[in-house]
>>> print(open('model-v4.txt').read())   # compact mmCIF, C-alpha atoms and all ligand atoms
# COMPACT_ATOMS: atom_id res chain seq x y z
CA MET A 862 -21.53 15.89 1.73
CA GLN A 863 -23.77 16.13 4.76
CA ILE A 864 -23.20 14.54 8.16
CA GLY A 865 -25.80 14.23 10.89
CA ILE A 866 -24.89 14.32 14.58
CA VAL A 867 -27.31 12.00 16.35
CA GLY A 868 -27.78 10.24 19.68
CA ALA A 869 -29.75 10.22 22.90
CA PRO A 870 -30.21 13.54 24.75
CA ASN A 871 -27.46 15.14 26.83
CA LYS A 872 -24.57 13.13 25.31
CA GLY A 873 -22.68 16.11 23.88
CA LYS A 874 -24.02 16.34 20.30
CA SER A 875 -24.16 20.14 20.32
CA THR A 876 -20.75 20.35 22.00
CA PHE A 877 -19.27 18.15 19.24
CA PHE A 878 -21.04 20.29 16.64
CA ALA A 879 -19.84 23.58 18.16
CA ALA A 880 -16.27 22.29 18.47
CA VAL A 881 -15.96 21.50 14.76
CA THR A 882 -18.10 24.26 13.22
CA GLN A 883 -17.20 27.12 15.61
CA ALA A 884 -20.92 27.88 15.72
CA ARG A 885 -22.44 29.30 18.89
CA VAL A 886 -25.15 26.88 19.95
CA GLU A 887 -26.92 26.09 23.16
CA ILE A 888 -25.17 23.50 25.36
CA ALA A 889 -26.52 22.43 28.76
CA ASP A 890 -26.46 19.49 31.14
CA TYR A 891 -30.11 18.53 30.79
CA PRO A 892 -32.00 16.60 28.08
CA PHE A 893 -33.58 18.29 25.04
CA THR A 894 -31.51 21.44 25.06
CA THR A 895 -31.56 21.33 21.27
CA ILE A 896 -34.97 21.36 19.63
CA ASN A 897 -34.50 22.98 16.23
CA PRO A 898 -31.62 21.60 14.16
CA ASN A 899 -28.31 23.49 14.05
CA LYS A 900 -26.62 23.66 10.65
CA GLY A 901 -22.96 24.40 10.09
CA VAL A 902 -19.81 23.67 8.14
CA ALA A 903 -16.91 21.61 9.48
CA PHE A 904 -13.68 20.59 7.77
CA VAL A 905 -11.98 17.29 7.15
CA TYR A 906 -8.27 17.42 6.37
CA SER A 907 -6.31 15.66 3.66
CA PRO A 908 -2.67 16.03 2.50
CA CYS A 909 -2.78 18.56 -0.36
CA PRO A 910 -0.89 17.71 -3.60
CA CYS A 911 0.74 21.18 -3.43
CA LYS A 912 3.39 19.81 -1.09
CA GLU A 913 4.37 16.90 -3.33
CA LEU A 914 4.46 19.19 -6.39
CA GLY A 915 6.50 21.86 -4.62
CA LEU A 916 3.87 24.52 -5.36
CA LYS A 917 2.12 27.12 -3.26
CA CYS A 918 -1.58 26.50 -3.69
CA ASP A 919 -4.43 29.02 -3.77
CA ALA A 920 -6.92 26.82 -1.94
CA ARG A 921 -10.31 28.49 -1.75
CA GLY A 922 -11.26 26.68 1.46
CA GLY A 923 -7.77 26.91 3.01
CA CYS A 924 -4.65 24.77 3.17
CA VAL A 925 -2.65 24.77 6.41
CA GLU A 926 0.79 23.19 6.72
CA GLY A 927 0.11 21.21 3.57
CA MET A 928 -3.22 19.91 4.87
CA ARG A 929 -6.18 20.80 2.63
CA LYS A 930 -9.36 21.83 4.43
CA ILE A 931 -12.36 20.16 2.82
CA PRO A 932 -15.78 21.45 3.88
CA VAL A 933 -18.60 19.12 4.94
CA GLN A 934 -22.08 20.14 6.06
CA LEU A 935 -23.02 19.23 9.62
CA LEU A 936 -26.42 18.99 11.25
CA ASP A 937 -27.00 18.76 15.00
CA VAL A 938 -30.48 17.63 15.95
CA ALA A 939 -32.63 17.00 19.01
CA GLY A 940 -31.91 13.95 21.17
CA LEU A 941 -33.51 10.66 20.19
CA VAL A 942 -34.94 8.40 22.89
CA PRO A 943 -36.04 4.74 22.74
CA GLY A 944 -39.62 4.62 21.48
CA ALA A 945 -39.19 7.90 19.55
CA HIS A 946 -40.95 6.25 16.60
CA GLU A 947 -44.03 5.97 18.81
CA GLY A 948 -43.78 9.65 19.64
CA ARG A 949 -41.71 9.50 22.84
CA GLY A 950 -39.45 12.45 23.61
CA MET A 951 -39.29 14.69 20.57
CA GLY A 952 -40.45 11.77 18.40
CA ASN A 953 -38.39 10.96 15.33
CA LYS A 954 -39.98 13.35 12.84
CA PHE A 955 -36.94 15.59 13.14
CA LEU A 956 -34.92 12.80 11.54
CA ASP A 957 -36.57 13.97 8.33
CA ASP A 958 -34.28 17.00 8.61
CA LEU A 959 -31.47 14.47 8.26
CA SER A 960 -32.87 12.67 5.25
CA GLY A 961 -30.16 14.18 3.05
CA ALA A 962 -27.33 13.05 5.35
CA ASP A 963 -24.72 10.78 3.81
CA GLY A 964 -23.49 9.53 7.17
CA PHE A 965 -23.99 9.92 10.90
CA VAL A 966 -21.89 10.47 13.97
CA HIS A 967 -23.66 8.71 16.82
CA ILE A 968 -22.63 10.36 20.07
CA ILE A 969 -22.71 8.15 23.15
CA ASP A 970 -21.54 8.89 26.68
CA ALA A 971 -18.31 6.98 27.37
CA SER A 972 -18.43 7.88 31.06
CA GLY A 973 -21.76 6.08 31.58
CA GLY A 974 -22.99 9.21 33.37
CA THR A 975 -26.28 9.55 31.44
CA ASP A 976 -29.00 7.06 30.48
CA LEU A 977 -30.95 6.74 27.23
CA GLU A 978 -33.30 9.53 28.31
CA GLY A 979 -30.34 11.81 28.98
CA LYS A 980 -30.86 11.72 32.75
CA ALA A 981 -27.98 11.42 35.20
CA ALA A 982 -27.00 7.79 35.74
CA HIS A 983 -24.23 5.77 37.26
CA ASP A 984 -22.26 3.37 35.09
CA PHE A 985 -24.80 3.26 32.28
CA PRO A 986 -23.56 0.55 29.84
CA ILE A 987 -21.96 1.93 26.67
CA GLY A 988 -23.27 -1.01 24.64
CA GLU A 989 -26.91 -0.14 25.33
CA ASP A 990 -26.31 3.45 24.34
CA ALA A 991 -24.79 2.24 21.09
CA LEU A 992 -27.59 -0.14 20.09
CA PHE A 993 -30.92 1.63 20.48
CA LEU A 994 -30.33 4.25 17.81
CA LYS A 995 -30.07 1.69 15.03
CA LYS A 996 -33.53 0.45 15.91
CA GLU A 997 -35.01 3.95 15.89
CA MET A 998 -33.40 4.66 12.53
CA GLU A 999 -34.83 1.48 11.05
CA GLU A 1000 -38.25 2.48 12.35
CA TRP A 1001 -37.78 5.86 10.68
CA VAL A 1002 -36.97 4.36 7.26
CA PHE A 1003 -39.80 1.85 7.71
CA SER A 1004 -42.28 4.65 8.48
CA ILE A 1005 -41.23 6.54 5.33
CA LEU A 1006 -41.76 3.40 3.23
CA LYS A 1007 -45.11 2.72 4.85
CA ARG A 1008 -46.24 6.31 4.37
CA ASN A 1009 -45.15 6.67 0.76
CA LEU A 1010 -45.74 3.27 -0.85
CA PRO A 1011 -49.55 3.25 -0.79
CA LYS A 1012 -49.43 6.30 -3.11
CA TYR A 1013 -48.36 4.06 -5.99
CA LYS A 1014 -50.66 1.80 -7.97
CA MET A 1015 -47.92 -0.16 -9.77
CA ARG A 1016 -45.52 -1.37 -7.08
CA GLU A 1017 -42.30 -2.08 -8.87
CA PHE A 1018 -38.71 -1.09 -8.10
CA SER A 1019 -38.97 2.42 -9.56
CA CYS A 1020 -41.73 3.39 -7.16
CA LEU A 1021 -39.62 2.18 -4.27
CA ALA A 1022 -36.73 4.34 -5.44
CA ASP A 1023 -39.19 7.21 -5.76
CA ALA A 1024 -40.70 6.67 -2.31
CA LEU A 1025 -37.22 6.80 -0.80
CA SER A 1026 -35.82 9.47 -3.09
CA GLY A 1027 -35.37 11.96 -0.27
CA LEU A 1028 -33.12 9.55 1.61
CA ARG A 1029 -30.26 9.62 -0.90
CA PHE A 1030 -29.79 5.88 -1.21
CA GLU A 1031 -27.83 5.08 -4.35
CA LYS A 1032 -29.83 3.13 -6.93
CA GLY A 1033 -27.31 0.27 -6.93
CA ALA A 1034 -27.42 0.01 -3.14
CA LEU A 1035 -31.21 0.10 -3.18
CA LEU A 1036 -31.39 -2.69 -5.76
CA GLN A 1037 -28.90 -4.71 -3.74
CA ALA A 1038 -30.96 -4.26 -0.58
CA VAL A 1039 -34.15 -5.35 -2.39
CA LYS A 1040 -32.32 -8.50 -3.50
CA ARG A 1041 -30.94 -9.20 -0.04
CA ALA A 1042 -34.38 -8.76 1.49
CA GLY A 1043 -35.69 -11.37 -0.98
CA ILE A 1044 -38.17 -8.92 -2.50
CA ASP A 1045 -39.44 -9.33 -6.06
CA ALA A 1046 -38.35 -6.01 -7.63
CA ARG A 1047 -41.21 -6.23 -10.16
CA ARG A 1048 -43.95 -6.61 -7.62
CA ILE A 1049 -43.43 -5.18 -4.14
CA SER A 1050 -46.19 -6.33 -1.84
CA GLY A 1051 -45.55 -3.61 0.71
CA GLY A 1052 -46.30 -6.00 3.57
CA GLU A 1053 -45.11 -5.03 7.03
CA GLU A 1054 -42.51 -7.77 7.32
CA GLU A 1055 -41.13 -7.15 3.85
CA LEU A 1056 -40.72 -3.43 4.46
CA ARG A 1057 -39.19 -3.95 7.89
CA SER A 1058 -36.56 -6.26 6.53
CA LEU A 1059 -35.86 -3.82 3.70
CA ALA A 1060 -35.54 -0.92 6.17
CA ARG A 1061 -33.08 -2.92 8.27
CA ILE A 1062 -30.86 -3.83 5.32
CA LEU A 1063 -31.02 -0.30 3.92
CA CYS A 1064 -29.91 1.23 7.23
CA ASP A 1065 -27.14 -1.30 7.52
CA GLU A 1066 -25.70 -0.61 4.11
CA GLY A 1067 -26.83 2.83 3.14
CA LYS A 1068 -26.70 4.86 6.34
CA LYS A 1069 -23.18 4.64 7.67
CA ILE A 1070 -22.82 5.43 11.36
CA ILE A 1071 -19.65 5.97 13.38
CA LEU A 1072 -19.78 5.61 17.14
CA ALA A 1073 -18.25 8.51 19.05
CA ALA A 1074 -17.76 7.65 22.73
CA ASN A 1075 -17.78 11.19 24.06
CA LYS A 1076 -16.89 12.63 27.49
CA ALA A 1077 -13.80 10.42 27.41
CA ASP A 1078 -12.08 13.04 29.56
CA LEU A 1079 -14.14 11.98 32.58
CA PRO A 1080 -12.54 9.56 35.08
CA GLY A 1081 -12.63 5.91 33.98
CA ALA A 1082 -14.27 6.69 30.62
CA VAL A 1083 -11.38 5.64 28.35
CA GLU A 1084 -11.16 2.35 30.28
CA LYS A 1085 -14.89 1.78 29.72
CA VAL A 1086 -14.44 2.29 25.97
CA LEU A 1087 -11.63 -0.26 25.93
CA GLU A 1088 -13.73 -2.73 27.92
CA ALA A 1089 -16.50 -2.35 25.33
CA GLY A 1090 -14.04 -3.31 22.59
CA GLY A 1091 -12.61 0.11 21.66
CA GLU A 1092 -11.56 0.89 18.11
CA SER A 1093 -11.56 -2.73 16.97
CA ALA A 1094 -15.25 -2.83 17.93
CA GLY A 1095 -15.81 0.42 16.04
CA ILE A 1096 -16.12 2.60 19.16
CA PHE A 1097 -13.97 5.74 19.06
CA ALA A 1098 -13.28 7.72 22.21
CA CYS A 1099 -13.37 11.51 22.10
CA SER A 1100 -13.73 14.61 24.20
CA ALA A 1101 -15.89 17.22 22.50
CA ASN A 1102 -15.38 19.43 25.55
CA TYR A 1103 -11.61 19.49 25.05
CA GLU A 1104 -11.94 20.07 21.31
CA LEU A 1105 -14.30 22.98 21.99
CA ALA A 1106 -11.95 24.41 24.62
CA LEU A 1107 -9.07 24.29 22.11
CA ALA A 1108 -11.15 25.93 19.38
CA ARG A 1109 -12.05 28.74 21.77
CA ALA A 1110 -8.49 29.12 23.08
CA GLN A 1111 -7.35 29.39 19.46
CA THR A 1112 -9.90 32.14 18.77
CA ALA A 1113 -8.70 33.94 21.92
CA GLY A 1114 -5.11 33.66 20.67
CA PHE A 1115 -3.72 31.39 23.40
CA VAL A 1116 -2.99 28.35 21.32
CA GLN A 1117 -2.05 27.30 17.82
CA TYR A 1118 -3.91 24.16 16.89
CA LEU A 1119 -4.51 22.34 13.64
CA PRO A 1120 -7.44 20.05 14.39
CA CYS A 1121 -6.10 17.13 12.37
CA ARG A 1122 -3.00 17.01 14.59
CA ASP A 1123 -2.79 15.38 17.98
CA ASP A 1124 -1.04 18.23 19.76
CA PHE A 1125 -1.15 22.04 20.03
CA ALA A 1126 1.23 24.83 20.99
CA VAL A 1127 0.59 27.45 23.65
CA VAL A 1128 1.43 30.78 22.04
CA GLY A 1129 -0.16 33.54 24.11
CA SER A 1130 0.02 34.14 27.82
CA PRO A 1131 -2.92 32.31 29.33
CA GLY A 1132 -3.84 32.94 32.96
CA GLU A 1133 -3.05 30.39 35.66
CA LYS A 1134 -6.44 28.66 35.46
CA GLN A 1135 -6.36 28.53 31.66
CA ALA A 1136 -2.81 27.18 31.63
CA ALA A 1137 -3.79 24.40 34.03
CA GLY A 1138 -6.80 23.54 31.82
CA LEU A 1139 -4.64 23.45 28.70
CA GLY A 1140 -2.14 21.23 30.54
CA LYS A 1141 -4.88 18.70 31.27
CA ILE A 1142 -5.97 18.72 27.65
CA LYS A 1143 -2.39 18.22 26.46
CA GLU A 1144 -1.98 15.23 28.73
CA PHE A 1145 -5.23 13.67 27.48
CA MET A 1146 -4.21 14.21 23.85
CA LYS A 1147 -0.81 12.66 24.42
CA LYS A 1148 -2.35 9.56 25.95
CA ASN A 1149 -5.13 9.19 23.41
CA GLY A 1150 -3.63 10.53 20.18
CA GLY A 1151 -5.61 13.78 20.10
CA THR A 1152 -9.10 14.73 21.31
CA GLY A 1153 -10.57 12.07 18.99
CA VAL A 1154 -13.11 14.48 17.48
CA HIS A 1155 -11.47 15.06 14.09
CA LYS A 1156 -10.31 11.46 13.81
CA ILE A 1157 -13.96 10.47 14.01
CA LEU A 1158 -15.00 12.83 11.20
CA HIS A 1159 -12.00 11.70 9.13
CA ARG A 1160 -12.78 8.01 9.55
CA LEU A 1161 -16.44 8.52 8.74
CA VAL A 1162 -15.75 10.46 5.54
CA PHE A 1163 -12.68 8.67 4.16
CA GLU A 1164 -13.12 5.15 5.53
CA LYS A 1165 -16.79 4.37 6.26
CA LEU A 1166 -18.23 6.49 3.47
CA GLY A 1167 -15.30 5.70 1.15
CA MET A 1168 -14.78 9.23 -0.12
CA ILE A 1169 -11.70 10.45 -1.99
CA ALA A 1170 -10.39 14.00 -2.59
CA VAL A 1171 -10.01 15.02 -6.24
CA TYR A 1172 -8.63 18.32 -7.54
CA PRO A 1173 -10.17 19.67 -10.76
CA VAL A 1174 -7.99 22.12 -12.75
CA GLU A 1175 -8.39 23.94 -16.07
CA ASP A 1176 -4.71 24.27 -16.97
CA GLU A 1177 -3.06 20.87 -16.53
CA GLY A 1178 0.41 22.34 -17.19
CA LYS A 1179 0.18 24.83 -14.32
CA PHE A 1180 -2.22 22.82 -12.12
CA SER A 1181 -4.39 25.92 -12.06
CA ASP A 1182 -7.75 27.36 -13.03
CA SER A 1183 -8.03 29.70 -16.04
CA LYS A 1184 -6.95 32.66 -13.89
CA GLY A 1185 -3.74 30.99 -12.70
CA ASN A 1186 -4.95 30.04 -9.21
CA ILE A 1187 -3.09 26.86 -8.29
CA LEU A 1188 -5.19 23.88 -7.16
CA PRO A 1189 -8.02 26.19 -6.10
CA ASP A 1190 -10.72 23.55 -5.66
CA VAL A 1191 -11.17 20.12 -4.20
CA ALA A 1192 -14.12 17.78 -4.55
CA LEU A 1193 -15.11 14.89 -2.31
CA MET A 1194 -16.06 12.00 -4.56
CA LYS A 1195 -17.20 8.47 -3.86
CA LYS A 1196 -14.53 5.81 -4.48
CA GLY A 1197 -15.13 4.38 -7.95
CA ALA A 1198 -16.40 7.69 -9.39
CA SER A 1199 -15.36 8.61 -12.96
CA ALA A 1200 -14.05 11.84 -14.48
CA PHE A 1201 -17.54 12.35 -15.90
CA ASP A 1202 -18.95 12.15 -12.36
CA LEU A 1203 -16.47 14.85 -11.40
CA ALA A 1204 -17.64 16.99 -14.33
CA ALA A 1205 -21.24 16.52 -13.20
CA LYS A 1206 -20.29 17.54 -9.68
CA ILE A 1207 -18.62 20.74 -10.88
CA HIS A 1208 -21.54 21.85 -13.06
CA THR A 1209 -24.31 20.21 -15.08
CA ASP A 1210 -23.27 22.42 -17.98
CA ILE A 1211 -19.75 20.95 -17.96
CA ALA A 1212 -21.19 17.44 -17.80
CA ASP A 1213 -23.42 18.18 -20.81
CA LYS A 1214 -20.38 19.27 -22.82
CA TYR A 1215 -18.00 16.61 -21.45
CA VAL A 1216 -15.70 15.14 -24.09
CA GLY A 1217 -12.91 13.64 -21.98
CA ALA A 1218 -10.35 14.22 -19.24
CA THR A 1219 -6.59 14.39 -18.66
CA ASP A 1220 -4.56 13.31 -15.66
CA ALA A 1221 -2.65 16.54 -14.89
CA ARG A 1222 0.29 14.67 -13.33
CA THR A 1223 1.04 12.39 -16.27
CA LYS A 1224 -0.59 14.65 -18.92
CA ARG A 1225 -2.20 11.50 -20.32
CA LYS A 1226 -5.80 11.26 -21.46
CA ILE A 1227 -7.75 9.06 -19.12
CA SER A 1228 -10.09 6.35 -20.32
CA LYS A 1229 -13.84 6.54 -19.96
CA ASP A 1230 -14.04 3.86 -17.31
CA TYR A 1231 -11.06 5.08 -15.24
CA ALA A 1232 -11.93 5.15 -11.54
CA LEU A 1233 -10.65 8.34 -9.91
CA LYS A 1234 -8.02 7.90 -7.21
CA HIS A 1235 -7.51 9.85 -3.98
CA ASN A 1236 -5.53 13.05 -4.70
CA ASP A 1237 -5.95 12.85 -8.49
CA ILE A 1238 -5.61 16.18 -10.31
CA ILE A 1239 -7.95 16.19 -13.28
CA LYS A 1240 -8.51 18.47 -16.26
CA ILE A 1241 -11.98 18.07 -17.79
CA HIS A 1242 -12.33 18.74 -21.51
CA ALA A 1243 -15.65 20.24 -22.55
CA SER A 1244 -16.86 21.11 -26.05
CA LYS A 1245 -17.25 24.83 -26.81
N1 LIG B 1 -16.92 16.04 30.54
C1 LIG B 1 -17.47 16.26 29.36
N2 LIG B 1 -18.69 16.81 29.28
C2 LIG B 1 -19.23 17.02 28.05
C3 LIG B 1 -18.54 16.67 26.85
N3 LIG B 1 -19.33 17.00 25.79
C4 LIG B 1 -20.45 17.52 26.31
N4 LIG B 1 -20.40 17.56 27.66
C5 LIG B 1 -21.43 18.07 28.58
O1 LIG B 1 -22.63 17.31 28.43
C6 LIG B 1 -23.77 18.14 28.59
C7 LIG B 1 -24.66 18.02 27.35
O2 LIG B 1 -24.00 18.61 26.25
P1 LIG B 1 -24.81 19.01 24.92
O3 LIG B 1 -23.78 19.29 23.88
O4 LIG B 1 -25.80 20.06 25.20
O5 LIG B 1 -25.54 17.63 24.63
P2 LIG B 1 -26.64 17.27 23.51
O6 LIG B 1 -26.41 15.84 23.18
O7 LIG B 1 -26.60 18.24 22.40
O8 LIG B 1 -27.97 17.42 24.35
P3 LIG B 1 -29.50 17.64 23.81
O9 LIG B 1 -29.50 18.75 22.82
O10 LIG B 1 -30.23 17.98 25.06
O11 LIG B 1 -29.92 16.34 23.24
C8 LIG B 1 -23.23 19.56 28.81
O12 LIG B 1 -23.18 19.81 30.19
C9 LIG B 1 -21.83 19.50 28.22
O13 LIG B 1 -20.95 20.44 28.78
C10 LIG B 1 -17.22 16.10 26.97
O14 LIG B 1 -16.53 15.77 26.00
N5 LIG B 1 -16.75 15.92 28.24
MG MG B 2 -28.01 19.57 21.72
>>> encode(input="model-v4.txt", output="structure tokens")
Amino acid sequence: MQIGIVGAPNKGKSTFFAAVTQARVEIADYPFTTINPNKGVAFVYSPCPCKELGLKCDARGGCVEGMRKIPVQLLDVAGLVPGAHEGRGMGNKFLDDLSGADGFVHIIDASGGTDLEGKAAHDFPIGEDALFLKKEMEEWVFSILKRNLPKYKMREFSCLADALSGLRFEKGALLQAVKRAGIDARRISGGEEELRSLARILCDEGKKIILAANKADLPGAVEKVLEAGGESAGIFACSANYELALARAQTAGFVQYLPCRDDFAVVGSPGEKQAAGLGKIKEFMKKNGGTGVHKILHRLVFEKLGMIAVYPVEDEGKFSDSKGNILPDVALMKKGASAFDLAAKIHTDIADKYVGATDARTKRKISKDYALKHNDIIKIHASK
């Protein structure tokens, strides 16, 4: 699973990235601080079955207070400006680095303190910040279609799938988009209008974006998010600065903080200035239900992208692998995936030898068309 952090310059993309990956990256209050993409690993959290089963798990990626840490890849890229598809700013070529992304966090400035170019502004409307990126993304998909399609002599559906293969659209979703765009899947004309409409529908359905209204710690910012419609309009307030401060305070040993929770404990003896800073963060988190950063990742992965956590085991009696490690692994799967899909995710070799699967909780064999559920524990049977 790969998530791209995108948005106009100077909105806090790298701060968000650093807060959740613990990576040291350049952060500064001017546009285009980031030029080359930053790659890292962040975690989403999900209640681990170990608690319900009364077991102590041997989670490879970590399990804290019964919350399983599930790794996701993150990419932080250069800022995108309106007209990037015509080469403005850093252009949009760098979006190609994000072609493998399953979803995007679009960082906007809730405080209205920066414009679409990343320059200082006063009361810049949140709505405008939210809208332009969609257009640039559509232009990006359109340009890939326009660049790749002329390479094919026979323009039928398969060549379209091939031309877009790097973009990780599922075949079903691609076929659906072709239908919705009113395109004849046997003969794709490749006309400008046809491809534009296809790009628009594809972005809508296949590239899920969550809006992160960052810098919500600044005066009046939370109110601006509410005025713009707030969570019911799909705009989620956050403070990447506060999340980063907590991550650093944790590393320095001043606080104990589990990022999926909406509070933290002061454990060390911070200095006066640090204590005051932590007090401000605590107050913000109390009012807003956390810093908002991890809620955004969680919603993107489990709600917008419809992922579920599934635990593969080798010994269904002990809920362990062959060496006795209890619930060592977890896989993020798309809702609707089958046990065979899980086998394929673990290893192609296991998929090749797949003969069936057992639900480790009930010890019952599961049928071929069973759709995996969130928190299922599955034993895959493979031929020798
Ligand atoms: N108050 C406040 N400032 C923030 C927050 N997040 C980022 N900033 C500040 O915003 C400025 C830009 O942050 P970056 O993380 O470098 O932004 P970016 O979007 O990666 O910028 P580019 O790489 O130039 O596109 C810096 O001065 C940050 O300290 C936040 O949550 N609250
Ligand atoms: Mg940056």
>>> residues_near_ligand(input="model-v4.txt", ligand="ligand MG 2 (chain B)", cutoff="8 Å", atoms="only C-alpha atoms and all ligand atoms", output="PDB file with C-alpha atoms, in the frame of the given file")
ATOM      1  CA  PRO A 870     -30.210  13.540  24.750  1.00  0.00           C
ATOM      2  CA  ASN A 871     -27.460  15.140  26.830  1.00  0.00           C
ATOM      3  CA  GLY A 873     -22.680  16.110  23.880  1.00  0.00           C
ATOM      4  CA  LYS A 874     -24.020  16.340  20.300  1.00  0.00           C
ATOM      5  CA  SER A 875     -24.160  20.140  20.320  1.00  0.00           C
ATOM      6  CA  THR A 876     -20.750  20.350  22.000  1.00  0.00           C
ATOM      7  CA  GLU A 887     -26.920  26.090  23.160  1.00  0.00           C
ATOM      8  CA  ILE A 888     -25.170  23.500  25.360  1.00  0.00           C
ATOM      9  CA  ALA A 889     -26.520  22.430  28.760  1.00  0.00           C
ATOM     10  CA  PHE A 893     -33.580  18.290  25.040  1.00  0.00           C
ATOM     11  CA  THR A 894     -31.510  21.440  25.060  1.00  0.00           C
ATOM     12  CA  THR A 895     -31.560  21.330  21.270  1.00  0.00           C
ATOM     13  CA  ILE A 896     -34.970  21.360  19.630  1.00  0.00           C
ATOM     14  CA  ASP A 937     -27.000  18.760  15.000  1.00  0.00           C
ATOM     15  CA  VAL A 938     -30.480  17.630  15.950  1.00  0.00           C
ATOM     16  CA  ALA A 939     -32.630  17.000  19.010  1.00  0.00           C
ATOM     17  CA  GLY A 940     -31.910  13.950  21.170  1.00  0.00           C
TER      18      GLY A 940
END
>>> atom_distance(input="model-v4.txt", atom1="atom N3 of ligand LIG 1 (chain B)", atom2="atom CA of A:Tyr1103")
8.1 Å
>>> axis_aligned_box(input="model-v4.txt", around="stretch 902-915 of chain A", padding_each_side="4 Å", output="AutoDock Vina command-line options")
--center_x -6.7 --center_y 19.7 --center_z 1.5 --size_x 34.3 --size_y 16.0 --size_z 23.9
>>> residues_around(input="model-v4.txt", residues="stretch 1048-1061 of chain A", least_positions_apart="2", cutoff="10 Å", atoms="all atoms listed in the file", output="JSON, numbers by chain")
{"A": [995, 996, 998, 999, 1000, 1001, 1002, 1003, 1004, 1005, 1006, 1007, 1010, 1011, 1015, 1016, 1017, 1018, 1020, 1021, 1035, 1038, 1039, 1040, 1041, 1042, 1043, 1044, 1045, 1046, 1063, 1064, 1065, 1066, 1067]}
>>> residues_around(input="model-v4.txt", residues="stretch 904-913 of chain A", least_positions_apart="2", cutoff="6 Å", atoms="all atoms listed in the file", output="ChimeraX atom specification")
/A:915-916,918,927-933,1159
>>> residues_around(input="model-v4.txt", residues="A:Val966", least_positions_apart="5", cutoff="7 Å", atoms="only C-alpha atoms", output="PyMOL selection string")
chain A and resi 865-867+1070-1073
>>> closest_residue(input="model-v4.txt", among="A:Pro1173, A:Gly1151, A:Gly1033, A:Pro1120", to="A:Val925", atoms="all atoms listed in the file")
A:Pro1120
>>> closest_residue(input="model-v4.txt", among="A:Met1146, A:Ala1212, A:Val1154, A:Val1191", to="ligand LIG 1 (chain B)", atoms="all atoms listed in the file")
A:Val1154
>>> atom_distance(input="model-v4.txt", atom1="atom CA of A:Asp976", atom2="atom CA of A:Glu1164")
29.6 Å
>>> closest_residue(input="model-v4.txt", among="A:Leu1119, A:Met951, A:Leu1158, A:Ala1034", to="A:Glu926", atoms="all atoms listed in the file")
A:Leu1119
>>> closest_residue(input="model-v4.txt", among="A:Lys917, A:Lys1012, A:Lys872, A:Arg885", to="A:Thr975", atoms="all atoms listed in the file")
A:Lys872
>>> closest_residue(input="model-v4.txt", among="A:Phe1163, A:Phe985, A:Phe877, A:Phe965", to="A:Ala1106", atoms="only C-alpha atoms")
A:Phe877
>>> closest_residue(input="model-v4.txt", among="A:Ile969, A:Ile864, A:Ala1243, A:Cys924", to="ligand LIG 1 (chain B)", atoms="all atoms listed in the file")
A:Ile969
>>> residues_around(input="model-v4.txt", residues="A:Lys1143", least_positions_apart="2", cutoff="12 Å", atoms="all atoms listed in the file", output="list in words")
Asp1078, Tyr1103, Glu1104, Ala1106, Leu1107, Val1116, Tyr1118, Arg1122, Asp1123, Asp1124, Phe1125, Ala1126, Val1127, Ala1136, Ala1137, Gly1138, Leu1139, Gly1140, Lys1141, Phe1145, Met1146, Lys1147, Lys1148, Asn1149, Gly1150, Gly1151 and Thr1152 of chain A
>>> residues_around(input="model-v4.txt", residues="A:Asp1190", least_positions_apart="3", cutoff="7 Å", atoms="all atoms listed in the file", output="MDAnalysis selection string")
chainID A and resid 920:921 1172:1173
>>> decode(input="model-v4.txt", residues="stretch 1050-1058 of chain A", atoms="N, CA and C atoms", output="compact mmCIF listing (two decimals), in the first residue's frame")
# COMPACT_ATOMS: atom_id res chain seq x y z
N SER A 1050 -11.26 5.71 -29.85
CA SER A 1050 -10.81 6.65 -30.88
C SER A 1050 -9.58 7.41 -30.41
N GLY A 1051 -9.48 7.64 -29.12
CA GLY A 1051 -8.31 8.38 -28.62
C GLY A 1051 -8.44 9.87 -28.84
N GLY A 1052 -9.67 10.33 -29.15
CA GLY A 1052 -9.89 11.76 -29.33
C GLY A 1052 -9.73 12.50 -28.02
N GLU A 1053 -9.39 13.79 -28.13
CA GLU A 1053 -9.11 14.60 -26.94
C GLU A 1053 -10.26 14.56 -25.92
N GLU A 1054 -11.47 14.78 -26.43
CA GLU A 1054 -12.61 14.87 -25.51
C GLU A 1054 -12.87 13.54 -24.80
N GLU A 1055 -12.75 12.47 -25.59
CA GLU A 1055 -12.97 11.13 -25.05
C GLU A 1055 -11.96 10.83 -23.94
N LEU A 1056 -10.71 11.14 -24.18
CA LEU A 1056 -9.67 10.84 -23.20
C LEU A 1056 -9.79 11.74 -21.96
N ARG A 1057 -10.22 12.98 -22.19
CA ARG A 1057 -10.40 13.89 -21.04
C ARG A 1057 -11.48 13.38 -20.12
N SER A 1058 -12.58 12.96 -20.73
CA SER A 1058 -13.69 12.50 -19.91
C SER A 1058 -13.28 11.21 -19.19
